[in-house]
Every structure is written in structure tokens, then in C-alpha cells.
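Peer 1: Pasting structure_22.csv below, which is CSV, C-alpha atoms.
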```csv
chain,number,residue,atom,x,y,z
A,85,MET,CA,0.0,0.0,0.0
A,86,SER,CA,1.5,3.4,-1.0
A,87,ILE,CA,1.0,6.8,0.4
A,88,LYS,CA,-1.7,8.7,-1.6
A,89,LYS,CA,-2.0,12.2,-2.9
A,90,ALA,CA,-5.3,14.1,-3.4
A,91,GLU,CA,-6.7,13.4,-6.9
A,92,ASP,CA,-10.0,13.4,-8.7
A,93,THR,CA,-12.7,11.3,-7.0
A,94,TRP,CA,-14.6,8.5,-8.9
A,95,ARG,CA,-17.7,6.8,-7.4
A,96,ILE,CA,-19.6,3.9,-8.7
A,97,ARG,CA,-23.0,3.0,-7.2
A,98,LEU,CA,-25.2,0.0,-7.5
A,99,VAL,CA,-28.2,-1.5,-5.6
A,100,VAL,CA,-28.1,-5.2,-4.5
A,101,PRO,CA,-30.2,-7.5,-2.3
A,102,HIS,CA,-28.8,-8.1,1.2
A,103,THR,CA,-28.0,-11.7,0.4
A,104,ALA,CA,-25.5,-10.5,-2.3
A,105,LEU,CA,-24.0,-7.6,-0.2
A,106,GLU,CA,-20.8,-9.4,1.0
A,107,LEU,CA,-20.1,-10.7,-2.5
A,108,TYR,CA,-20.2,-7.2,-4.0
A,109,GLU,CA,-18.1,-5.8,-1.2
A,110,ALA,CA,-15.5,-8.4,-1.8
A,111,ALA,CA,-15.7,-7.8,-5.6
A,112,LEU,CA,-15.1,-4.0,-5.3
A,113,GLU,CA,-12.6,-3.7,-2.4
A,114,PRO,CA,-9.5,-4.7,-4.4
A,115,TYR,CA,-10.1,-1.9,-6.8
A,116,PHE,CA,-11.3,1.0,-4.7
A,117,ASP,CA,-10.1,3.1,-1.7
A,118,ALA,CA,-13.4,2.8,0.2
A,119,VAL,CA,-16.6,0.8,-0.1
A,120,LEU,CA,-19.6,2.0,1.9
A,121,CYS,CA,-23.0,0.3,2.1
A,122,PHE,CA,-26.4,1.6,3.2
A,123,GLU,CA,-29.7,-0.1,3.6
A,124,ILE,CA,-32.7,1.5,1.7
A,125,GLU,CA,-35.5,2.1,4.1
A,126,ASP,CA,-37.8,4.5,2.2
A,127,GLY,CA,-40.7,2.1,1.7
A,128,GLY,CA,-40.2,2.3,-2.1
A,129,PRO,CA,-39.6,-0.5,-4.6
A,130,ASP,CA,-36.0,-1.0,-3.4
A,131,HIS,CA,-36.9,-1.0,0.3
A,132,GLY,CA,-34.7,-3.6,2.1
A,133,LYS,CA,-32.0,-3.6,-0.6
A,134,TRP,CA,-28.6,-2.1,-0.1
A,135,VAL,CA,-26.8,0.8,-1.9
A,136,VAL,CA,-23.2,0.0,-2.5
A,137,ASP,CA,-20.9,3.0,-3.1
A,138,ALA,CA,-17.3,2.5,-4.1
A,139,TYR,CA,-14.9,5.4,-4.1
A,140,SER,CA,-11.5,5.8,-5.9
A,141,ASP,CA,-9.0,8.6,-5.6
A,142,GLY,CA,-8.2,8.7,-9.3
A,143,PRO,CA,-9.2,6.5,-12.3
A,144,TYR,CA,-10.1,2.9,-11.5
A,145,ASP,CA,-9.5,-0.3,-13.6
A,146,LYS,CA,-12.9,-0.4,-15.4
A,147,PRO,CA,-12.4,-3.7,-17.3
A,148,ALA,CA,-11.3,-5.5,-14.1
A,149,VAL,CA,-14.2,-4.0,-12.1
A,150,SER,CA,-16.7,-5.0,-14.8
A,151,VAL,CA,-15.4,-8.6,-14.7
A,152,SER,CA,-15.5,-8.7,-10.9
A,153,LEU,CA,-19.0,-7.4,-10.8
A,154,SER,CA,-20.2,-10.0,-13.4
A,155,LEU,CA,-18.6,-12.8,-11.3
A,156,ALA,CA,-20.3,-11.4,-8.1
A,157,ALA,CA,-23.7,-11.5,-9.9
A,158,GLU,CA,-23.1,-15.0,-11.1
A,159,ALA,CA,-22.1,-16.2,-7.6
A,160,ALA,CA,-25.1,-14.5,-6.1
A,161,GLY,CA,-27.5,-15.9,-8.7
A,162,ILE,CA,-28.9,-12.5,-9.6
A,163,GLU,CA,-29.0,-10.3,-12.7
A,164,GLU,CA,-26.2,-7.8,-12.9
A,165,PRO,CA,-27.4,-4.6,-11.3
A,166,ALA,CA,-27.3,-1.2,-13.0
A,167,VAL,CA,-24.1,0.7,-12.2
A,168,THR,CA,-23.9,4.5,-12.1
A,169,VAL,CA,-20.6,6.2,-12.4
A,170,GLU,CA,-19.8,9.7,-11.1
A,171,HIS,CA,-16.6,11.6,-11.6
A,172,GLU,CA,-15.9,14.7,-9.6
A,173,PRO,CA,-12.7,16.7,-10.5
A,174,PRO,CA,-10.9,18.6,-7.8
A,175,ARG,CA,-12.9,21.5,-6.5
A,176,ASN,CA,-12.5,24.0,-3.7
A,177,TRP,CA,-15.4,22.7,-1.7
A,178,LEU,CA,-13.6,24.1,1.4
A,179,ALA,CA,-14.3,27.6,0.3
A,180,GLU,CA,-17.8,26.7,-0.6
A,181,ASN,CA,-18.6,25.2,2.7
A,182,LEU,CA,-16.5,27.0,5.3
A,183,LEU,CA,-19.1,29.6,6.4
A,184,ALA,CA,-21.8,26.9,6.5
A,185,PHE,CA,-19.8,24.8,9.1
A,186,PRO,CA,-21.5,25.3,12.4
A,187,PRO,CA,-19.8,24.7,15.8
A,188,ILE,CA,-20.3,21.2,17.2
A,189,GLN,CA,-20.2,20.2,20.9
A,190,ALA,CA,-19.4,16.6,21.8
A,191,GLY,CA,-19.2,16.4,25.6
A,192,ARG,CA,-16.4,18.8,26.7
A,193,PHE,CA,-15.1,19.3,23.2
A,194,PHE,CA,-16.3,22.3,21.3
A,195,VAL,CA,-15.3,22.1,17.6
A,196,HIS,CA,-15.4,25.3,15.6
A,197,GLY,CA,-14.1,26.8,12.4
A,198,SER,CA,-11.7,29.7,12.1
A,199,HIS,CA,-14.7,31.9,11.1
A,200,TRP,CA,-16.3,31.4,14.5
A,201,ALA,CA,-15.8,34.6,16.5
A,202,GLU,CA,-17.7,33.8,19.7
A,203,PRO,CA,-15.9,32.5,22.8
A,204,PRO,CA,-16.4,28.8,23.5
A,205,PRO,CA,-19.0,27.7,26.1
A,206,GLU,CA,-17.6,27.8,29.7
A,207,GLY,CA,-15.9,24.6,30.7
A,208,THR,CA,-15.4,23.3,27.2
A,209,ILE,CA,-12.1,22.5,25.4
A,210,ALA,CA,-12.1,24.4,22.1
A,211,LEU,CA,-10.8,22.7,19.0
A,212,GLN,CA,-10.4,24.8,15.9
A,213,VAL,CA,-10.8,22.6,12.9
A,214,ASP,CA,-12.1,24.0,9.6
A,215,ALA,CA,-14.0,21.9,7.1
A,216,SER,CA,-11.0,20.9,4.9
A,217,THR,CA,-9.5,18.5,2.4
A,218,ALA,CA,-9.0,16.0,5.3
A,219,PHE,CA,-11.7,14.0,6.9
A,220,GLY,CA,-12.7,14.9,10.5
A,221,SER,CA,-14.5,18.0,11.5
A,222,GLY,CA,-16.6,16.5,14.2
A,223,GLU,CA,-19.8,16.6,12.1
A,224,HIS,CA,-19.8,13.0,11.0
A,225,GLN,CA,-21.2,10.5,13.5
A,226,SER,CA,-18.0,8.4,13.5
A,227,THR,CA,-15.8,11.4,14.6
A,228,TYR,CA,-18.5,12.6,16.9
A,229,GLY,CA,-18.7,9.2,18.6
A,230,CYS,CA,-14.9,9.1,19.1
A,231,LEU,CA,-15.1,12.6,20.8
A,232,LEU,CA,-17.9,11.3,23.1
A,233,ALA,CA,-15.8,8.3,24.0
A,234,LEU,CA,-12.8,10.5,24.9
A,235,ASP,CA,-15.1,12.8,26.9
A,236,ARG,CA,-16.5,9.9,28.9
A,237,MET,CA,-13.0,8.6,29.5
A,238,ALA,CA,-11.9,12.0,30.8
A,239,ALA,CA,-15.1,12.2,33.0
A,240,ALA,CA,-14.3,8.8,34.6
A,241,GLY,CA,-10.6,9.8,35.2
A,242,GLU,CA,-9.5,6.5,33.6
A,243,VAL,CA,-6.4,5.4,31.6
A,244,LEU,CA,-4.9,8.9,31.2
A,245,SER,CA,-4.1,11.7,33.6
A,246,GLN,CA,-2.8,15.2,33.0
A,247,GLY,CA,0.6,15.0,31.4
A,248,GLN,CA,0.8,11.2,31.9
A,249,GLY,CA,0.4,8.7,29.1
A,250,ARG,CA,0.9,8.5,25.3
A,251,ALA,CA,-1.7,8.3,22.5
A,252,LEU,CA,-1.9,7.3,18.8
A,253,ASP,CA,-4.3,8.7,16.2
A,254,MET,CA,-4.1,6.1,13.5
A,255,GLY,CA,-5.7,7.3,10.2
A,256,CYS,CA,-5.7,10.8,11.7
A,257,GLY,CA,-7.4,12.7,8.8
A,258,SER,CA,-7.6,16.3,10.0
A,259,GLY,CA,-6.0,15.3,13.3
A,260,ILE,CA,-9.1,16.2,15.3
A,261,LEU,CA,-8.9,13.2,17.7
A,262,GLY,CA,-5.2,13.8,18.3
A,263,LEU,CA,-6.0,17.4,19.0
A,264,ALA,CA,-8.6,16.4,21.5
A,265,LEU,CA,-6.1,14.0,23.3
A,266,ALA,CA,-3.3,16.6,23.4
A,267,ARG,CA,-5.6,19.5,24.5
A,268,CYS,CA,-7.5,17.5,27.1
A,269,TRP,CA,-4.6,15.6,28.7
A,270,GLY,CA,-1.4,17.5,27.6
A,271,ILE,CA,0.2,14.2,26.5
A,272,PRO,CA,2.4,13.4,23.4
A,273,VAL,CA,0.3,12.1,20.5
A,274,VAL,CA,1.5,10.3,17.4
A,275,ALA,CA,-0.8,11.1,14.4
A,276,THR,CA,-0.4,9.4,11.1
A,277,ASP,CA,-2.4,8.8,7.9
A,278,ILE,CA,-1.8,7.1,4.5
A,279,ASP,CA,-2.9,10.3,2.8
A,280,GLU,CA,-0.2,13.0,2.6
A,281,GLU,CA,-2.8,15.8,2.3
A,282,SER,CA,-4.4,14.7,5.6
A,283,THR,CA,-1.1,14.9,7.4
A,284,ARG,CA,-0.4,18.3,6.0
A,285,VAL,CA,-3.8,19.5,7.3
A,286,ALA,CA,-3.3,17.8,10.7
A,287,HIS,CA,0.1,19.5,11.1
A,288,LEU,CA,-1.5,22.9,10.4
A,289,ASN,CA,-4.3,22.1,12.9
A,290,ALA,CA,-1.8,21.2,15.6
A,291,GLU,CA,-0.1,24.6,15.1
A,292,LYS,CA,-3.5,26.5,15.1
A,293,ASN,CA,-4.5,24.7,18.4
A,294,GLY,CA,-1.2,25.3,20.1
A,295,VAL,CA,-0.2,21.6,20.5
A,296,SER,CA,2.4,21.2,17.8
A,297,ASN,CA,4.9,20.6,20.5
A,298,LEU,CA,2.8,17.5,21.6
A,299,MET,CA,1.8,16.1,18.3
A,300,THR,CA,4.1,14.2,15.9
A,301,VAL,CA,2.4,14.1,12.5
A,302,PHE,CA,3.6,12.2,9.5
A,303,PRO,CA,2.3,10.1,6.5
A,304,GLY,CA,2.8,6.4,6.8
A,305,ASP,CA,1.4,3.0,6.1
A,306,GLY,CA,-0.1,1.8,9.3
A,307,PHE,CA,1.8,0.0,12.0
A,308,THR,CA,4.8,-0.9,9.9
A,309,ASN,CA,6.2,2.7,10.3
A,310,ALA,CA,9.1,3.1,12.8
A,311,GLY,CA,7.5,6.4,13.8
A,312,VAL,CA,4.5,4.4,15.1
A,313,GLN,CA,6.5,1.5,16.6
A,314,ASP,CA,9.3,3.4,18.4
A,315,PRO,CA,7.1,5.4,20.8
A,316,ALA,CA,4.9,2.4,21.8
A,317,PRO,CA,3.3,1.3,23.9
A,318,TYR,CA,0.3,3.6,23.8
A,319,ASN,CA,-2.3,4.1,26.5
A,320,VAL,CA,-5.0,5.2,24.1
A,321,ILE,CA,-5.3,4.4,20.4
A,322,CYS,CA,-8.0,6.1,18.2
A,323,ALA,CA,-8.7,4.7,14.7
A,324,ASN,CA,-11.5,6.2,12.7
A,325,ILE,CA,-11.1,4.4,9.4
A,326,LEU,CA,-13.3,1.7,7.9
A,327,ALA,CA,-14.4,-1.7,9.1
A,328,ARG,CA,-12.2,-4.0,7.0
A,329,PRO,CA,-8.9,-2.0,7.5
A,330,LEU,CA,-9.7,-2.0,11.2
A,331,CYS,CA,-10.0,-5.8,11.2
A,332,GLU,CA,-6.8,-6.2,9.3
A,333,MET,CA,-4.8,-4.1,11.8
A,334,ALA,CA,-6.3,-5.6,15.0
A,335,SER,CA,-3.3,-7.8,15.8
A,336,ASP,CA,-0.8,-5.0,15.1
A,337,MET,CA,-2.8,-2.5,17.2
A,338,ALA,CA,-3.0,-4.9,20.1
A,339,LYS,CA,0.8,-5.3,20.1
A,340,VAL,CA,1.5,-1.6,20.6
A,341,LEU,CA,-1.3,-1.1,23.2
A,342,ALA,CA,-0.2,-0.7,26.8
A,343,PRO,CA,-1.6,-3.1,29.5
A,344,GLY,CA,-5.0,-1.7,30.5
A,345,GLY,CA,-5.0,0.6,27.5
A,346,ARG,CA,-8.0,1.6,25.5
A,347,VAL,CA,-8.7,1.4,21.8
A,348,ILE,CA,-11.4,3.6,20.2
A,349,LEU,CA,-12.6,2.3,16.9
A,350,ALA,CA,-15.0,4.1,14.4
A,351,GLY,CA,-15.8,4.3,10.8
A,352,LEU,CA,-17.9,1.1,11.0
A,353,LEU,CA,-21.6,0.5,10.4
A,354,ILE,CA,-23.7,-1.2,13.0
A,355,ASN,CA,-24.0,-4.2,10.7
A,356,GLN,CA,-20.2,-4.5,10.7
A,357,GLU,CA,-19.8,-4.4,14.5
A,358,ASN,CA,-19.6,-8.2,15.1
A,359,MET,CA,-17.0,-8.6,12.4
A,360,VAL,CA,-14.8,-5.9,13.9
A,361,LEU,CA,-15.3,-7.2,17.5
A,362,GLU,CA,-14.4,-10.7,16.5
A,363,ALA,CA,-11.0,-9.5,15.1
A,364,TYR,CA,-10.2,-7.6,18.3
A,365,ARG,CA,-11.3,-10.2,20.7
A,366,ALA,CA,-9.1,-12.6,18.9
A,367,SER,CA,-6.3,-10.2,19.6
A,368,GLY,CA,-7.0,-10.2,23.4
A,369,LEU,CA,-9.1,-7.1,23.7
A,370,CYS,CA,-12.5,-6.9,25.3
A,371,LEU,CA,-15.4,-4.6,24.7
A,372,ARG,CA,-15.7,-1.8,27.2
A,373,GLU,CA,-18.4,0.5,25.7
A,374,ARG,CA,-20.3,1.1,22.4
A,375,ILE,CA,-21.7,4.4,21.2
A,376,GLU,CA,-24.4,3.9,18.6
A,377,LEU,CA,-25.1,6.8,16.3
A,378,ASP,CA,-27.3,5.1,13.6
A,379,PRO,CA,-26.1,3.8,11.2
A,380,TRP,CA,-22.6,4.1,12.7
A,381,VAL,CA,-21.2,2.7,15.9
A,382,THR,CA,-18.1,3.6,17.9
A,383,LEU,CA,-16.4,0.8,19.9
A,384,VAL,CA,-14.2,1.3,23.0
A,385,LEU,CA,-12.1,-1.8,23.8
A,386,GLU,CA,-9.7,-2.5,26.6
A,387,ALA,CA,-6.5,-4.5,26.9
A,388,GLN,CA,-6.2,-6.7,30.0
A,389,PRO,CA,-3.9,-5.1,32.7
A,390,ASN,CA,-0.8,-6.9,33.8
A,391,ILE,CA,-1.6,-8.7,37.0
A,392,PRO,CA,1.4,-9.3,39.3
A,393,SER,CA,1.9,-12.9,40.1
```
Would you put the structure from the file into C-alpha cells?

Peer 2:
Amino acid sequence: MSIKKAEDTWRIRLVVPHTALELYEAALEPYFDAVLCFEIEDGGPDHGKWVVDAYSDGPYDKPAVSVSLSLAAEAAGIEEPAVTVEHEPPRNWLAENLLAFPPIQAGRFFVHGSHWAEPPPEGTIALQVDASTAFGSGEHQSTYGCLLALDRMAAAGEVLSQGQGRALDMGCGSGILGLALARCWGIPVVATDIDEESTRVAHLNAEKNGVSNLMTVFPGDGFTNAGVQDPAPYNVICANILARPLCEMASDMAKVLAPGGRVILAGLLINQENMVLEAYRASGLCLRERIELDPWVTLVLEAQPNIPS
């Protein structure tokens, strides 16, 4: 897997019955950067079926995808569904949406853009994060769920204390979760993402929020990077990615988690929860809490503490 640069976005969409969903996910995942699935619940003719969206940063292999979709239809025993293709060239959607980005409060965290001139509510921790070319402004349920999980951990006084501990924001996007960790606890945070543009934005956000001295931000390919391995173990790891990559990194994540440490996982749909839990339980972690924000769910898992013999 190579580090990616921002490019045009291609999306293909198709509608399939639930019984064929996994076949189509498997058919598309080798060729696309992300595959998202949503159930249709509008009471219409496709009610109960699933929309499958596959996204690619840059042109995708059309002949190979066509063959893969044909094989999926044959294996599912259905007619090949209609496929719509959308191509969106680079656009300055940041400028288009900046003023429309309202502040968001998730527990003690108050997320606002640079255009927000009012003081933050009393007792909150302000995070300045503009809607940008990197994912993570607090608006999406997956990011919001992670912030709620961090807020609850702080309220309980568990795992981390002021200036004590170390955290990892894997797949950091805008760096919003790393910012929350650094601002709330004043601890060192490693923030990394496979996307170079995301790490550029995360680095700028660390500077804007006065925590560049605490956050180490760099592009990298998951847990193979020495920048991730060398500072381990981590007391808290946040990973707001997608379900299948989360499953693939379960073992590596568990290896760099400190005894009694917490993992906060997001970017997964409720119907993918059991698959993700199975992968992390197999790596020795147990479920501590779940935060359901339909159709997404955030999972908080815990490593067993070392027990003196």
C-alpha cells in the first residue's frame, strides 16, 4: 500500500439485495479506496435492498471491475445490477462550505471553524478545525462518537491523567482526535495517515491549536512505520477508518497497546460491528463500551492489565 496524494474522485453506485452484499463488497474492495453500504428504508420498490458506493481517488480499472461485478452477480445468482458512475474533478469545496460549518459540541469538546468569533462555552475544550481536504471536522457520526468516547474517559478519570500517558491517532485525517487528546490531557500524540494531504492539514491544525509541541504528525502505512513502533506502547489508540482495514490491523494494534490501555474504533456501520469485534477479541481485547449513532457505531475496547503474580 502506497501513500496517496489528493486526486479526482470517482464513485460507482449499485443496488443489490442483502444476500449479495458481501459478494459485492469483496468484488469491489480490491479496486477502490473505500466501499460503503447503506440499507434502503424508504418504503419504495427497493426497500430492504442495499446501496453499495465504491470510491476511488483517481481512475479505477474499469475492465477489471466489470469482470469482478459480473462474477459477483453469477455467484449471487442475480442479474447484474445497473451501475452508475460519477466523476468529480478537484474543487475548492472548502471555500464553498467554510461559512456553513457550524460549531459542534461533543461532551467537553467544542469544535469550531476559524470563522467562529464567539468564545467557546464555559468549561469546554475548544478545537479549531475547519472543514477541509482532510476527513474529520466532528460533524460525521464516526468522529462525533470518538469525541464522546474521549469525553467519557476523561469524566471517569480513567487510563490517562494530566501529562501522563501516550496516544496514537491512526488514520488521523484532520487530526481532530489527536488534538482532543493533546488539548485535554497534555500528552504526546503520534498522528499518522496514509494520505499526505491529511497529514499536512493535521500538522497545520496542531499549530493552530497550540499543540504542535505535543503532536508528531507524518504520512505512513499503518503500524509498519518506525514512527509508530518506536514510541509504543500507547495508553490510548484512536482509529476512525473503515471496518475492513480496522479488522486487518487488529493484531498489530494490540501489540502496541499498553496493558490496561483503550482502543477507540470508528468508521464502521452497525451491521459490521460483530466482524470488527471478532477480530479484536481474537487479539485479546474486550469490549468496554459502544456508542451507537445510527447507522454508525463507535467501539471502546480494553487491553487486559498486567496482574502481578

Peer 1: Which residue out of A:Gly344, A:Pro114, A:Gly255, A:Pro204 has the minimum interatomic distance to A:Ala323 when only C-alpha atoms are used?

Peer 2: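 Under the stated criterion, the closest residue is A:Gly255.
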
Peer 1: Using only C-alpha atoms, which residue out of A:Gly127, A:Gly351, A:Pro187, A:Pro143 lies closest to A:His199?

Peer 2: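 The shortest atom-to-atom distance to A:His199 comes from A:Pro187.
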
Peer 1: With all atoms listed in the file as the atoms that count, which of A:Trp200, A:Trp269, A:Tyr139, A:Phe194 lies nearest to A:Leu112?

Peer 2: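 When distances to A:Leu112 are compared using all atoms listed in the file, the smallest one comes from A:Tyr139.
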
Peer 1: In the coordinates of the file, take the point (6.5, 2.7, 15.2) and a cut-off of 12 Å; then, counting all atoms listed in the file, name each qualifying protein, DNA or RNA residue as a list in words.

Peer 2: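 Selection result: Leu252, Met254, Val274, Ala275, Thr276, Thr300, Phe302, Gly304, Asp305, Gly306, Phe307, Thr308, Asn309, Ala310, Gly311, Val312, Gln313, Asp314, Pro315, Ala316, Pro317, Tyr318, Asp336, Met337, Lys339, Val340 and Leu341 of chain A.
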
Peer 1: Those same residues, written as a PDB file, in the coordinates of the input with C-alpha atoms?

Peer 2:
```pdb
ATOM      1  CA  LEU A 252      -1.900   7.300  18.800  1.00  0.00           C
ATOM      2  CA  MET A 254      -4.100   6.100  13.500  1.00  0.00           C
ATOM      3  CA  VAL A 274       1.500  10.300  17.400  1.00  0.00           C
ATOM      4  CA  ALA A 275      -0.800  11.100  14.400  1.00  0.00           C
ATOM      5  CA  THR A 276      -0.400   9.400  11.100  1.00  0.00           C
ATOM      6  CA  THR A 300       4.100  14.200  15.900  1.00  0.00           C
ATOM      7  CA  PHE A 302       3.600  12.200   9.500  1.00  0.00           C
ATOM      8  CA  GLY A 304       2.800   6.400   6.800  1.00  0.00           C
ATOM      9  CA  ASP A 305       1.400   3.000   6.100  1.00  0.00           C
ATOM     10  CA  GLY A 306      -0.100   1.800   9.300  1.00  0.00           C
ATOM     11  CA  PHE A 307       1.800   0.000  12.000  1.00  0.00           C
ATOM     12  CA  THR A 308       4.800  -0.900   9.900  1.00  0.00           C
ATOM     13  CA  ASN A 309       6.200   2.700  10.300  1.00  0.00           C
ATOM     14  CA  ALA A 310       9.100   3.100  12.800  1.00  0.00           C
ATOM     15  CA  GLY A 311       7.500   6.400  13.800  1.00  0.00           C
ATOM     16  CA  VAL A 312       4.500   4.400  15.100  1.00  0.00           C
ATOM     17  CA  GLN A 313       6.500   1.500  16.600  1.00  0.00           C
ATOM     18  CA  ASP A 314       9.300   3.400  18.400  1.00  0.00           C
ATOM     19  CA  PRO A 315       7.100   5.400  20.800  1.00  0.00           C
ATOM     20  CA  ALA A 316       4.900   2.400  21.800  1.00  0.00           C
ATOM     21  CA  PRO A 317       3.300   1.300  23.900  1.00  0.00           C
ATOM     22  CA  TYR A 318       0.300   3.600  23.800  1.00  0.00           C
ATOM     23  CA  ASP A 336      -0.800  -5.000  15.100  1.00  0.00           C
ATOM     24  CA  MET A 337      -2.800  -2.500  17.200  1.00  0.00           C
ATOM     25  CA  LYS A 339       0.800  -5.300  20.100  1.00  0.00           C
ATOM     26  CA  VAL A 340       1.500  -1.600  20.600  1.00  0.00           C
ATOM     27  CA  LEU A 341      -1.300  -1.100  23.200  1.00  0.00           C
TER      28      LEU A 341
END
```

Peer 1: In Å, rounded to a single decimal, give me how far atom CA of A:Pro389 is from atom CA of A:Leu263.

Peer 2: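 Those two atoms sit 26.4 Å apart.
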
Peer 1: What is the distance, in Å and to one decimal place, between atom CA of A:Asn358 and atom CA of A:Ala327?

Peer 2: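 Separating atom CA of A:Asn358 from atom CA of A:Ala327 is a distance of 10.3 Å.
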
Peer 1: Using only C-alpha atoms, can you tell me which of A:Pro303, A:Ser296, A:Ala338, A:Ala264 comes closest to A:Asp277?

Peer 2: A:Pro303

Peer 1: Just give me the gap between atom CA of A:Ala157 and atom CA of A:Trp134 in Å, one decimal is fine.

Peer 2: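 Straight-line distance from atom CA of A:Ala157 to atom CA of A:Trp134 works out to 14.4 Å.
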
Peer 1: For a cut-off of 9 Å around (-22.8, -1.3, -13.0), file coordinates, pick out all residues using all atoms listed in the file and list them as JSON, numbers by chain.

Peer 2: {"A": [96, 97, 98, 150, 153, 164, 165, 166, 167, 168, 169]}

Peer 1: With C-alpha atoms retained, write the just-selected residues as a JSON list (two decimals), keeping the file's coordinate frame.

Peer 2:
```json
[["chain", "number", "residue", "atom", "x", "y", "z"],
["A", 96, "ILE", "CA", -19.60, 3.90, -8.70],
["A", 97, "ARG", "CA", -23.00, 3.00, -7.20],
["A", 98, "LEU", "CA", -25.20, 0.00, -7.50],
["A", 150, "SER", "CA", -16.70, -5.00, -14.80],
["A", 153, "LEU", "CA", -19.00, -7.40, -10.80],
["A", 164, "GLU", "CA", -26.20, -7.80, -12.90],
["A", 165, "PRO", "CA", -27.40, -4.60, -11.30],
["A", 166, "ALA", "CA", -27.30, -1.20, -13.00],
["A", 167, "VAL", "CA", -24.10, 0.70, -12.20],
["A", 168, "THR", "CA", -23.90, 4.50, -12.10],
["A", 169, "VAL", "CA", -20.60, 6.20, -12.40]]
```

Peer 1: With all atoms listed in the file as the counted atoms, please give the residues lying no more than 10 Å from A:Glu376, apart from itself and same-chain residues fewer than 5 positions off, as a count of residues only.

Peer 2: 8

Peer 1: Could you check which of A:His171, A:Pro205, A:Val119, A:Tyr108 is closest to A:Leu155, using all atoms listed in the file?

Peer 2: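 Among the listed residues, A:Tyr108 lies closest to A:Leu155.
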
Peer 1: Which of these residues is nearest to A:Ile321, using all atoms listed in the file: A:Ile188, A:Trp94, A:Arg284, A:Gly249?

Peer 2: A:Gly249

Peer 1: Counting all atoms listed in the file, what is within 12 Å of A:Ala110, bar same-chain residues fewer than 4 positions away, as a ChimeraX atom specification?

Peer 2: /A:104-106,114-116,118-120,136,138,149,152-153,155-157,159,328

Peer 1: Reconstruct N, CA and C atoms of stretch 333-346 of chain A; output as a PDB file, keeping the file's coordinate frame.

Peer 2:
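The new file out39.pdb reads:
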```pdb
ATOM      1  N   MET A 333      -5.881  -4.584  10.925  1.00  0.00           N
ATOM      2  CA  MET A 333      -4.800  -4.100  11.800  1.00  0.00           C
ATOM      3  C   MET A 333      -5.028  -4.450  13.270  1.00  0.00           C
ATOM      4  N   ALA A 334      -5.994  -5.307  13.571  1.00  0.00           N
ATOM      5  CA  ALA A 334      -6.300  -5.600  15.000  1.00  0.00           C
ATOM      6  C   ALA A 334      -5.099  -6.200  15.706  1.00  0.00           C
ATOM      7  N   SER A 335      -4.416  -7.164  15.120  1.00  0.00           N
ATOM      8  CA  SER A 335      -3.300  -7.800  15.800  1.00  0.00           C
ATOM      9  C   SER A 335      -2.143  -6.795  16.020  1.00  0.00           C
ATOM     10  N   ASP A 336      -1.832  -6.002  14.993  1.00  0.00           N
ATOM     11  CA  ASP A 336      -0.800  -5.000  15.100  1.00  0.00           C
ATOM     12  C   ASP A 336      -1.097  -3.947  16.146  1.00  0.00           C
ATOM     13  N   MET A 337      -2.372  -3.570  16.202  1.00  0.00           N
ATOM     14  CA  MET A 337      -2.800  -2.500  17.200  1.00  0.00           C
ATOM     15  C   MET A 337      -2.648  -3.069  18.582  1.00  0.00           C
ATOM     16  N   ALA A 338      -3.069  -4.295  18.790  1.00  0.00           N
ATOM     17  CA  ALA A 338      -3.000  -4.900  20.100  1.00  0.00           C
ATOM     18  C   ALA A 338      -1.558  -4.955  20.625  1.00  0.00           C
ATOM     19  N   LYS A 339      -0.599  -5.166  19.717  1.00  0.00           N
ATOM     20  CA  LYS A 339       0.800  -5.300  20.100  1.00  0.00           C
ATOM     21  C   LYS A 339       1.411  -4.010  20.618  1.00  0.00           C
ATOM     22  N   VAL A 340       0.880  -2.856  20.184  1.00  0.00           N
ATOM     23  CA  VAL A 340       1.500  -1.600  20.600  1.00  0.00           C
ATOM     24  C   VAL A 340       0.600  -0.895  21.685  1.00  0.00           C
ATOM     25  N   LEU A 341      -0.414  -1.601  22.184  1.00  0.00           N
ATOM     26  CA  LEU A 341      -1.300  -1.100  23.200  1.00  0.00           C
ATOM     27  C   LEU A 341      -0.751  -1.438  24.596  1.00  0.00           C
ATOM     28  N   ALA A 342      -0.675  -0.473  25.487  1.00  0.00           N
ATOM     29  CA  ALA A 342      -0.200  -0.700  26.800  1.00  0.00           C
ATOM     30  C   ALA A 342      -1.167  -1.589  27.616  1.00  0.00           C
ATOM     31  N   PRO A 343      -0.709  -2.373  28.605  1.00  0.00           N
ATOM     32  CA  PRO A 343      -1.600  -3.100  29.500  1.00  0.00           C
ATOM     33  C   PRO A 343      -2.659  -2.167  30.092  1.00  0.00           C
ATOM     34  N   GLY A 344      -3.929  -2.541  30.023  1.00  0.00           N
ATOM     35  CA  GLY A 344      -5.000  -1.700  30.500  1.00  0.00           C
ATOM     36  C   GLY A 344      -5.349  -0.533  29.644  1.00  0.00           C
ATOM     37  N   GLY A 345      -4.714  -0.461  28.457  1.00  0.00           N
ATOM     38  CA  GLY A 345      -5.000   0.600  27.500  1.00  0.00           C
ATOM     39  C   GLY A 345      -6.314   0.495  26.826  1.00  0.00           C
ATOM     40  N   ARG A 346      -6.727   1.582  26.165  1.00  0.00           N
ATOM     41  CA  ARG A 346      -8.000   1.600  25.500  1.00  0.00           C
ATOM     42  C   ARG A 346      -7.813   1.842  23.968  1.00  0.00           C
TER      43      ARG A 346
END
```
